[in-house]
>>> print(open('protein-v8.cif').read())   # mmCIF, C-alpha atoms
data_data
#
loop_
_atom_site.label_atom_id
_atom_site.label_comp_id
_atom_site.auth_asym_id
_atom_site.auth_seq_id
_atom_site.Cartn_x
_atom_site.Cartn_y
_atom_site.Cartn_z
CA MET A 1 173.99 27.02 91.23
CA ALA A 2 171.29 27.65 88.62
CA PRO A 3 168.72 24.82 88.69
CA ALA A 4 168.01 22.88 85.51
CA PRO A 5 164.39 23.32 84.37
CA ALA A 6 161.98 20.51 85.19
CA SER A 7 161.55 19.92 81.45
CA ALA A 8 165.11 18.61 81.06
CA LEU A 9 165.10 15.23 79.30
CA PRO A 10 167.24 12.25 80.36
CA LEU A 11 169.94 11.74 77.73
CA ALA A 12 171.37 8.42 76.59
CA THR A 13 175.16 8.19 76.42
CA THR A 14 177.84 6.30 74.51
CA TRP A 15 180.88 5.67 76.73
CA ARG A 16 184.45 4.97 75.63
CA GLY A 17 187.77 4.50 77.43
CA SER A 18 188.84 5.38 80.97
CA GLY A 19 190.56 8.28 82.70
CA PRO A 20 189.64 11.98 83.01
CA LEU A 21 186.23 12.67 81.54
CA VAL A 22 185.56 14.61 78.33
CA VAL A 23 181.92 15.07 77.36
CA CYS A 24 181.05 15.43 73.65
CA HIS A 25 177.79 16.95 72.38
CA PRO A 26 176.91 16.18 68.73
CA GLY A 27 175.34 18.62 66.31
CA GLY A 28 173.14 18.57 63.25
CA PRO A 29 170.95 19.20 65.09
CA GLY A 30 169.41 15.75 65.17
CA MET A 31 172.26 13.73 63.64
CA ASP A 32 172.92 10.25 64.96
CA PRO A 33 175.64 10.63 67.63
CA ARG A 34 177.67 7.91 65.92
CA TYR A 35 178.85 10.46 63.38
CA LEU A 36 181.31 11.62 66.08
CA GLU A 37 182.94 8.19 66.21
CA PRO A 38 186.29 9.56 64.86
CA LEU A 39 186.61 11.28 68.27
CA ASP A 40 186.85 7.83 69.88
CA GLY A 41 190.61 8.39 69.63
CA LEU A 42 190.30 10.69 72.66
CA ALA A 43 189.55 7.53 74.67
CA ASP A 44 193.27 6.77 74.65
CA GLY A 45 193.82 8.03 78.19
CA ARG A 46 190.40 9.54 78.78
CA THR A 47 186.80 8.58 79.39
CA VAL A 48 184.80 9.88 76.43
CA ALA A 49 181.07 10.36 76.94
CA ILE A 50 179.13 11.15 73.77
CA VAL A 51 175.70 12.31 74.87
CA HIS A 52 172.69 11.67 72.67
CA PRO A 53 170.85 15.02 72.44
CA ARG A 54 167.08 15.21 72.72
CA GLY A 55 165.47 13.48 69.78
CA ALA A 56 168.74 11.96 68.52
CA GLY A 57 170.24 8.50 68.90
CA SER A 58 168.63 6.72 71.84
CA SER A 59 167.36 9.82 73.66
CA PRO A 60 163.64 10.64 73.75
CA ARG A 61 162.01 13.28 71.59
CA PRO A 62 160.53 16.29 73.37
CA ALA A 63 156.76 15.88 73.56
CA ALA A 64 156.09 19.50 72.58
CA GLY A 65 158.65 19.61 69.78
CA ASP A 66 160.94 21.87 71.83
CA TYR A 67 164.38 22.05 70.22
CA ALA A 68 165.41 25.44 71.61
CA LEU A 69 169.08 25.92 72.50
CA GLU A 70 168.10 26.67 76.11
CA SER A 71 166.39 23.28 76.35
CA TYR A 72 169.38 21.41 74.92
CA ALA A 73 171.59 23.20 77.46
CA ALA A 74 169.23 22.34 80.31
CA ASP A 75 169.37 18.67 79.27
CA LEU A 76 173.18 18.77 79.22
CA ALA A 77 173.40 20.51 82.59
CA ALA A 78 171.10 17.89 84.12
CA TRP A 79 173.25 15.14 82.55
CA ILE A 80 176.46 16.57 84.07
CA ARG A 81 174.84 16.73 87.49
CA ARG A 82 173.51 13.19 87.23
CA GLU A 83 176.31 11.36 85.41
CA ALA A 84 179.42 13.40 86.23
CA GLY A 85 178.86 14.31 89.87
CA GLY A 86 178.09 17.91 89.07
CA GLY A 87 181.39 18.49 87.26
CA PRO A 88 183.17 20.54 86.33
CA VAL A 89 183.82 18.63 83.11
CA ASP A 90 185.78 19.22 79.95
CA LEU A 91 183.12 19.78 77.29
CA LEU A 92 183.36 19.52 73.50
CA GLY A 93 180.56 20.50 71.16
CA HIS A 94 180.51 20.10 67.39
CA SER A 95 178.56 22.48 65.13
CA HIS A 96 175.09 23.01 66.69
CA GLY A 97 176.48 21.05 69.64
CA GLY A 98 179.08 23.80 70.11
CA ALA A 99 176.28 26.35 70.49
CA VAL A 100 174.71 24.07 73.11
CA ALA A 101 178.04 23.53 74.89
CA SER A 102 178.90 27.25 74.99
CA LEU A 103 175.42 28.13 76.27
CA THR A 104 175.83 25.48 78.98
CA ALA A 105 179.18 27.03 79.98
CA ALA A 106 177.58 30.48 80.08
CA ARG A 107 174.43 29.50 82.01
CA TYR A 108 176.00 26.90 84.32
CA PRO A 109 179.65 27.98 84.75
CA GLU A 110 180.22 25.67 87.72
CA LEU A 111 179.67 22.65 85.44
CA VAL A 112 182.32 23.32 82.77
CA ARG A 113 186.10 23.37 83.29
CA LYS A 114 187.29 23.74 79.69
CA LEU A 115 185.33 24.16 76.46
CA VAL A 116 186.10 23.05 72.89
CA LEU A 117 183.99 24.55 70.09
CA LEU A 118 184.56 22.32 67.07
CA GLY A 119 183.19 23.61 63.75
CA THR A 120 180.84 25.90 65.68
CA PRO A 121 179.09 28.78 63.91
CA ALA A 122 179.17 32.26 65.42
CA TYR A 123 176.27 33.49 63.28
CA GLY A 124 173.69 32.29 60.76
CA GLY A 125 171.13 33.90 58.50
CA ASP A 126 171.70 35.30 55.03
CA ARG A 127 175.33 36.17 55.74
CA ALA A 128 176.22 32.59 56.66
CA GLU A 129 174.14 31.16 53.81
CA ALA A 130 175.92 33.32 51.23
CA GLN A 131 179.35 32.42 52.60
CA ALA A 132 178.58 28.70 52.56
CA GLN A 133 177.34 28.91 48.97
CA ALA A 134 180.54 30.72 47.96
CA PHE A 135 182.72 28.08 49.64
CA HIS A 136 180.82 25.28 47.92
CA GLN A 137 180.75 26.85 44.47
CA ALA A 138 184.50 27.47 44.64
CA ARG A 139 184.98 23.69 44.82
CA ARG A 140 182.40 22.72 42.20
CA GLU A 141 185.09 21.27 39.91
CA GLU A 142 185.67 18.47 42.44
CA ALA A 143 183.56 15.52 41.26
CA ALA A 144 182.31 14.62 44.75
CA VAL A 145 181.32 18.23 45.45
CA ALA A 146 179.50 18.48 42.11
CA ARG A 147 177.48 15.35 42.95
CA ALA A 148 176.64 16.72 46.39
CA LEU A 149 175.46 20.03 44.94
CA ALA A 150 173.31 18.13 42.45
CA ALA A 151 171.74 16.17 45.31
CA LEU A 152 170.90 19.42 47.12
CA GLU A 153 169.44 20.94 43.98
CA ALA A 154 167.32 17.83 43.41
CA GLN A 155 166.02 17.99 46.98
CA GLY A 156 165.03 21.65 46.62
CA ASP A 157 163.51 23.47 49.58
CA ALA A 158 161.51 20.46 50.81
CA TYR A 159 162.67 18.37 53.73
CA PRO A 160 163.05 14.60 53.31
CA ALA A 161 159.87 12.70 54.05
CA ASP A 162 161.27 10.91 57.09
CA ASP A 163 164.28 10.61 59.38
CA ALA A 164 165.84 7.83 57.34
CA GLY A 165 165.63 10.00 54.24
CA LEU A 166 167.38 12.84 56.03
CA GLY A 167 170.17 10.48 57.07
CA ARG A 168 170.67 9.45 53.45
CA LEU A 169 170.63 13.07 52.26
CA ILE A 170 173.24 14.07 54.84
CA ALA A 171 175.49 11.30 53.57
CA GLU A 172 175.00 12.47 49.98
CA VAL A 173 176.02 16.06 50.77
CA ILE A 174 178.95 15.20 53.04
CA PRO A 175 181.49 16.20 50.32
CA LEU A 176 180.34 19.80 50.94
CA TRP A 177 181.26 19.46 54.61
CA VAL A 178 184.73 17.91 54.34
CA GLY A 179 187.95 18.63 52.52
CA PRO A 180 188.91 16.62 49.43
CA MET A 181 187.48 13.11 49.78
CA THR A 182 189.72 10.30 51.00
CA ASP A 183 189.04 6.59 51.29
CA ARG A 184 188.73 6.93 55.07
CA VAL A 185 186.17 9.74 54.80
CA ALA A 186 184.28 7.83 52.09
CA ALA A 187 183.99 4.81 54.42
CA TRP A 188 182.66 7.07 57.21
CA GLN A 189 180.24 8.67 54.71
CA ALA A 190 178.89 5.23 53.78
CA ARG A 191 178.07 4.51 57.42
CA LEU A 192 176.24 7.84 57.74
CA ALA A 193 173.80 6.77 55.03
CA GLY A 194 172.41 4.07 57.32
CA TRP A 195 171.84 6.35 60.31
CA SER A 196 168.62 8.33 60.63
CA ALA A 197 168.57 12.02 61.54
CA ASN A 198 165.77 13.98 63.21
CA VAL A 199 163.88 16.03 60.58
CA ASP A 200 161.91 17.91 63.28
CA ALA A 201 165.06 19.07 65.05
CA LEU A 202 166.64 20.28 61.82
CA ARG A 203 163.46 22.06 60.71
CA TYR A 204 163.19 23.84 64.08
CA PHE A 205 166.80 25.00 63.83
CA ASN A 206 166.59 26.13 60.22
CA GLU A 207 163.34 28.04 60.68
CA LEU A 208 163.61 29.44 64.22
CA VAL A 209 167.27 29.47 65.28
CA PHE A 210 169.55 29.81 62.25
CA PRO A 211 168.10 33.15 61.04
CA VAL A 212 168.85 34.77 64.44
CA LEU A 213 171.87 32.71 65.44
CA HIS A 214 174.03 35.82 65.91
CA ARG A 215 171.67 36.85 68.73
CA GLU A 216 171.49 33.32 70.15
CA MET A 217 175.29 33.33 70.40
CA GLU A 218 175.45 36.56 72.44
CA HIS A 219 175.83 34.32 75.48
CA LEU A 220 179.49 33.85 74.49
CA SER A 221 180.44 37.00 76.38
CA ALA A 222 179.40 35.23 79.60
CA VAL A 223 181.70 32.21 79.03
CA ARG A 224 184.56 32.42 81.52
CA CYS A 225 186.29 29.06 81.15
CA PRO A 226 189.28 28.48 78.82
CA THR A 227 187.87 27.90 75.33
CA LEU A 228 189.33 26.49 72.11
CA ALA A 229 187.58 27.28 68.82
CA LEU A 230 188.73 24.85 66.14
CA ALA A 231 187.56 24.57 62.51
CA GLY A 232 188.72 23.80 58.99
CA ASP A 233 189.64 26.47 56.47
CA LEU A 234 187.22 24.84 53.97
CA ASP A 235 184.32 25.00 56.42
CA GLY A 236 181.61 27.02 54.70
CA TRP A 237 179.40 27.09 57.79
CA ALA A 238 181.84 27.74 60.65
CA GLY A 239 185.25 28.48 59.14
CA PRO A 240 187.98 31.05 59.78
CA GLU A 241 185.73 34.09 60.25
CA HIS A 242 183.64 32.19 62.79
CA VAL A 243 186.75 31.00 64.64
CA ALA A 244 187.95 34.61 64.91
CA LEU A 245 184.60 35.82 66.25
CA LEU A 246 184.29 32.96 68.74
CA THR A 247 187.82 33.56 69.98
CA GLU A 248 187.21 37.29 70.42
CA SER A 249 183.84 36.80 72.11
CA VAL A 250 184.93 34.65 75.05
CA ALA A 251 187.18 35.89 77.83
CA LEU A 252 189.80 33.11 77.55
CA GLY A 253 189.57 32.16 73.90
CA THR A 254 192.10 30.42 71.67
CA GLY A 255 191.47 29.80 67.99
CA GLU A 256 192.93 27.38 65.48
CA VAL A 257 192.14 26.83 61.78
CA ILE A 258 193.03 23.51 60.14
CA ALA A 259 194.25 23.70 56.56
CA GLY A 260 192.43 21.48 54.07
CA ALA A 261 189.60 20.49 56.45
CA GLY A 262 185.88 21.15 56.28
CA HIS A 263 182.94 21.36 58.66
CA MET A 264 183.38 17.71 59.64
CA CYS A 265 187.02 18.32 60.55
CA HIS A 266 186.89 15.55 63.16
CA ALA A 267 186.43 13.13 60.24
CA ASP A 268 188.75 14.57 57.58
CA ALA A 269 191.50 15.87 59.88
CA THR A 270 191.06 13.42 62.75
CA GLU A 271 194.64 13.27 63.98
CA HIS A 272 195.01 17.05 63.89
CA VAL A 273 191.80 17.50 65.86
CA LEU A 274 192.73 14.84 68.42
CA ARG A 275 196.19 16.35 68.88
CA SER A 276 194.84 19.88 69.33
CA VAL A 277 192.11 18.84 71.75
CA ARG A 278 194.51 16.73 73.84
CA ARG A 279 196.99 19.60 74.01
CA PHE A 280 194.30 22.08 75.04
CA LEU A 281 192.72 19.86 77.67
#
>>> encode(input="protein-v8.cif", output="structure tokens")
Amino acid sequence: MAPAPASALPLATTWRGSGPLVVCHPGGPGMDPRYLEPLDGLADGRTVAIVHPRGAGSSPRPAAGDYALESYAADLAAWIRREAGGGPVDLLGHSHGGAVASLTAARYPELVRKLVLLGTPAYGGDRAEAQAQAFHQARREEAAVARALAALEAQGDAYPADDAGLGRLIAEVIPLWVGPMTDRVAAWQARLAGWSANVDALRYFNELVFPVLHREMEHLSAVRCPTLALAGDLDGWAGPEHVALLTESVALGTGEVIAGAGHMCHADATEHVLRSVRRFL
């Protein structure tokens, strides 16, 4: 058993339901873990543990500003040993959280029984940026998407001044990350606006991880547990091409693309996601 580094941080947790455990790791990085609340439906027959990653929700920030994937994975491994009896657990990661979850499965295989990669990118850099821009521009005629693009253009290359500002910006651009807006998604979007997000974590990812994400994800070849890669066909950041690469990269991979859903497919295709995850687990 590979030991977790001494620098692992204790993670807060939101618990739901009862029954076999499924552990959910949010993304962003740095988003408030409550954005995964549509996954609460998994608590019908299961215990759902949504961990709060370092610097997000109620978990502490790393003193040295360390938001490396290896450190997130060490935190998660330590959490599984402390809170889940050493596992193995069923593990779901969304977006950046999927990179953390897959790295945990690769580095600590004894801790993970099955793995769900929800809206998880297989690569980043210029290639991913260009694809996301193409996805978004193709939908510019949608009023909500046009407003979201305008908000991004107004923000420019600067980061919001504080965590609360980042939370509001994320809510403004949500139409880029979902399929066509519905009343249910709009209500979820409104809640996002009141939840802060960690600017430092996002800056670290954008500047140090995203440009070389294809190399960071090379650990996928070491994942040996059954793995489901699941994303929406309107996901500009982790859509069909990413699902295919994730599925090919792991030994026991299964892929599924959800029609009409975006990067936040757990919010805009909730029942489909819940059904697929239940079936897989």
>>> residues_around(input="protein-v8.cif", residues="His214 in chain A", least_positions_apart="3", cutoff="9 Å", atoms="all atoms listed in the file", output="list of chain:residue names")
A:Pro121, A:Ala122, A:Tyr123, A:Gly124, A:Gly125, A:Phe210, A:Pro211, A:Met217, A:Glu218
>>> resolve_selection(input="protein-v8.cif", expression="the PyMOL selection byres ((chain A and resi 181) around 12)", output="CSV table (one decimal) with C-alpha atoms, keeping the file's coordinate frame")
chain,number,residue,atom,x,y,z
A,139,ARG,CA,185.0,23.7,44.8
A,142,GLU,CA,185.7,18.5,42.4
A,143,ALA,CA,183.6,15.5,41.3
A,144,ALA,CA,182.3,14.6,44.8
A,145,VAL,CA,181.3,18.2,45.4
A,148,ALA,CA,176.6,16.7,46.4
A,173,VAL,CA,176.0,16.1,50.8
A,174,ILE,CA,179.0,15.2,53.0
A,175,PRO,CA,181.5,16.2,50.3
A,176,LEU,CA,180.3,19.8,50.9
A,177,TRP,CA,181.3,19.5,54.6
A,178,VAL,CA,184.7,17.9,54.3
A,179,GLY,CA,188.0,18.6,52.5
A,180,PRO,CA,188.9,16.6,49.4
A,182,THR,CA,189.7,10.3,51.0
A,183,ASP,CA,189.0,6.6,51.3
A,184,ARG,CA,188.7,6.9,55.1
A,185,VAL,CA,186.2,9.7,54.8
A,186,ALA,CA,184.3,7.8,52.1
A,187,ALA,CA,184.0,4.8,54.4
A,188,TRP,CA,182.7,7.1,57.2
A,189,GLN,CA,180.2,8.7,54.7
A,260,GLY,CA,192.4,21.5,54.1
A,261,ALA,CA,189.6,20.5,56.4
A,262,GLY,CA,185.9,21.2,56.3
A,264,MET,CA,183.4,17.7,59.6
A,265,CYS,CA,187.0,18.3,60.6
A,267,ALA,CA,186.4,13.1,60.2
A,268,ASP,CA,188.8,14.6,57.6
A,269,ALA,CA,191.5,15.9,59.9
>>> resolve_selection(input="protein-v8.cif", expression="the PyMOL selection byres ((chain A and resi 82) around 12)", output="list in words")
Ala4, Ala8, Leu9, Pro10, Leu11, Ala12, Asp75, Leu76, Ala77, Ala78, Trp79, Ile80, Arg81, Glu83, Ala84, Gly85, Gly86, Gly87 and Leu111 of chain A
>>> write_last_selection(input="protein-v8.cif", atoms="C-alpha atoms", output="mmCIF file, keeping the file's coordinate frame")
data_model
loop_
_atom_site.group_PDB
_atom_site.id
_atom_site.type_symbol
_atom_site.label_atom_id
_atom_site.label_comp_id
_atom_site.auth_asym_id
_atom_site.auth_seq_id
_atom_site.Cartn_x
_atom_site.Cartn_y
_atom_site.Cartn_z
ATOM 1 C CA ALA A 4 168.010 22.880 85.510
ATOM 2 C CA ALA A 8 165.110 18.610 81.060
ATOM 3 C CA LEU A 9 165.100 15.230 79.300
ATOM 4 C CA PRO A 10 167.240 12.250 80.360
ATOM 5 C CA LEU A 11 169.940 11.740 77.730
ATOM 6 C CA ALA A 12 171.370 8.420 76.590
ATOM 7 C CA ASP A 75 169.370 18.670 79.270
ATOM 8 C CA LEU A 76 173.180 18.770 79.220
ATOM 9 C CA ALA A 77 173.400 20.510 82.590
ATOM 10 C CA ALA A 78 171.100 17.890 84.120
ATOM 11 C CA TRP A 79 173.250 15.140 82.550
ATOM 12 C CA ILE A 80 176.460 16.570 84.070
ATOM 13 C CA ARG A 81 174.840 16.730 87.490
ATOM 14 C CA GLU A 83 176.310 11.360 85.410
ATOM 15 C CA ALA A 84 179.420 13.400 86.230
ATOM 16 C CA GLY A 85 178.860 14.310 89.870
ATOM 17 C CA GLY A 86 178.090 17.910 89.070
ATOM 18 C CA GLY A 87 181.390 18.490 87.260
ATOM 19 C CA LEU A 111 179.670 22.650 85.440
#
>>> closest_residue(input="protein-v8.cif", among="A:Ala73, A:Ala222, A:Ala130, A:Ala197", to="Pro160 in chain A", atoms="all atoms listed in the file")
A:Ala197
>>> atom_distance(input="protein-v8.cif", atom1="CA of His25 in chain A", atom2="CA of Gly93 in chain A")
4.7 Å
>>> closest_residue(input="protein-v8.cif", among="A:Pro88, A:Asn198, A:Asp235, A:Phe205", to="Ala134 in chain A", atoms="all atoms listed in the file")
A:Asp235
>>> residues_around(input="protein-v8.cif", residues="His272 in chain A", least_positions_apart="6", cutoff="12 Å", atoms="only C-alpha atoms", output="list in words")
Pro38, Leu39, Gly41, Leu42, Leu230, Ala231, Gly232, Glu256, Val257, Ile258, Ala259, Gly260, Ala261, Cys265, His266, Arg278 and Arg279 of chain A
>>> write_last_selection(input="protein-v8.cif", atoms="C-alpha atoms", output="compact mmCIF listing (two decimals), in the frame of the given file")
# COMPACT_ATOMS: atom_id res chain seq x y z
CA PRO A 38 186.29 9.56 64.86
CA LEU A 39 186.61 11.28 68.27
CA GLY A 41 190.61 8.39 69.63
CA LEU A 42 190.30 10.69 72.66
CA LEU A 230 188.73 24.85 66.14
CA ALA A 231 187.56 24.57 62.51
CA GLY A 232 188.72 23.80 58.99
CA GLU A 256 192.93 27.38 65.48
CA VAL A 257 192.14 26.83 61.78
CA ILE A 258 193.03 23.51 60.14
CA ALA A 259 194.25 23.70 56.56
CA GLY A 260 192.43 21.48 54.07
CA ALA A 261 189.60 20.49 56.45
CA CYS A 265 187.02 18.32 60.55
CA HIS A 266 186.89 15.55 63.16
CA ARG A 278 194.51 16.73 73.84
CA ARG A 279 196.99 19.60 74.01
>>> resolve_selection(input="protein-v8.cif", expression="the PyMOL selection byres ((chain A and resi 70) around 10)", output="ChimeraX atom specification")
/A:5,8,66-69,71-76,99-100,103-104,107,216
>>> closest_residue(input="protein-v8.cif", among="A:Gly236, A:Ala128, A:Lys114, A:Thr227", to="Glu248 in chain A", atoms="only C-alpha atoms")
A:Thr227
>>> residues_around(input="protein-v8.cif", residues="range 47-62 of chain A", least_positions_apart="4", cutoff="6 Å", atoms="all atoms listed in the file", output="PyMOL selection string")
chain A and resi 11-25+30+32-33+43+66
>>> closest_residue(input="protein-v8.cif", among="A:Leu228, A:Leu91, A:Leu169, A:Leu115", to="Leu245 in chain A", atoms="all atoms listed in the file")
A:Leu228
>>> residues_around(input="protein-v8.cif", residues="Ala161 in chain A", least_positions_apart="2", cutoff="12 Å", atoms="all atoms listed in the file", output="number ranges by chain")
A: 155, 158-159, 163-169, 196-200
>>> atom_distance(input="protein-v8.cif", atom1="CA of Leu92 in chain A", atom2="CA of Gln133 in chain A")
26.9 Å
>>> axis_aligned_box(input="protein-v8.cif", around="range 240-250 of chain A", padding_each_side="6 Å", output="JSON")
{"center_x": 185.8, "center_y": 34.1, "center_z": 67.4, "size_x": 16.3, "size_y": 18.3, "size_z": 27.3}
>>> atom_distance(input="protein-v8.cif", atom1="CA of Val89 in chain A", atom2="CA of Leu117 in chain A")
14.3 Å
>>> closest_residue(input="protein-v8.cif", among="A:Ala201, A:Ser276, A:Ser7, A:His263", to="His136 in chain A", atoms="all atoms listed in the file")
A:His263
>>> closest_residue(input="protein-v8.cif", among="A:Gly253, A:Gly156, A:Pro240, A:Pro226", to="Val112 in chain A", atoms="only C-alpha atoms")
A:Pro226
>>> residues_around(input="protein-v8.cif", residues="Pro109 in chain A", least_positions_apart="5", cutoff="8 Å", atoms="all atoms listed in the file", output="list of chain:residue names")
A:Thr104, A:Val223, A:Arg224, A:Cys225
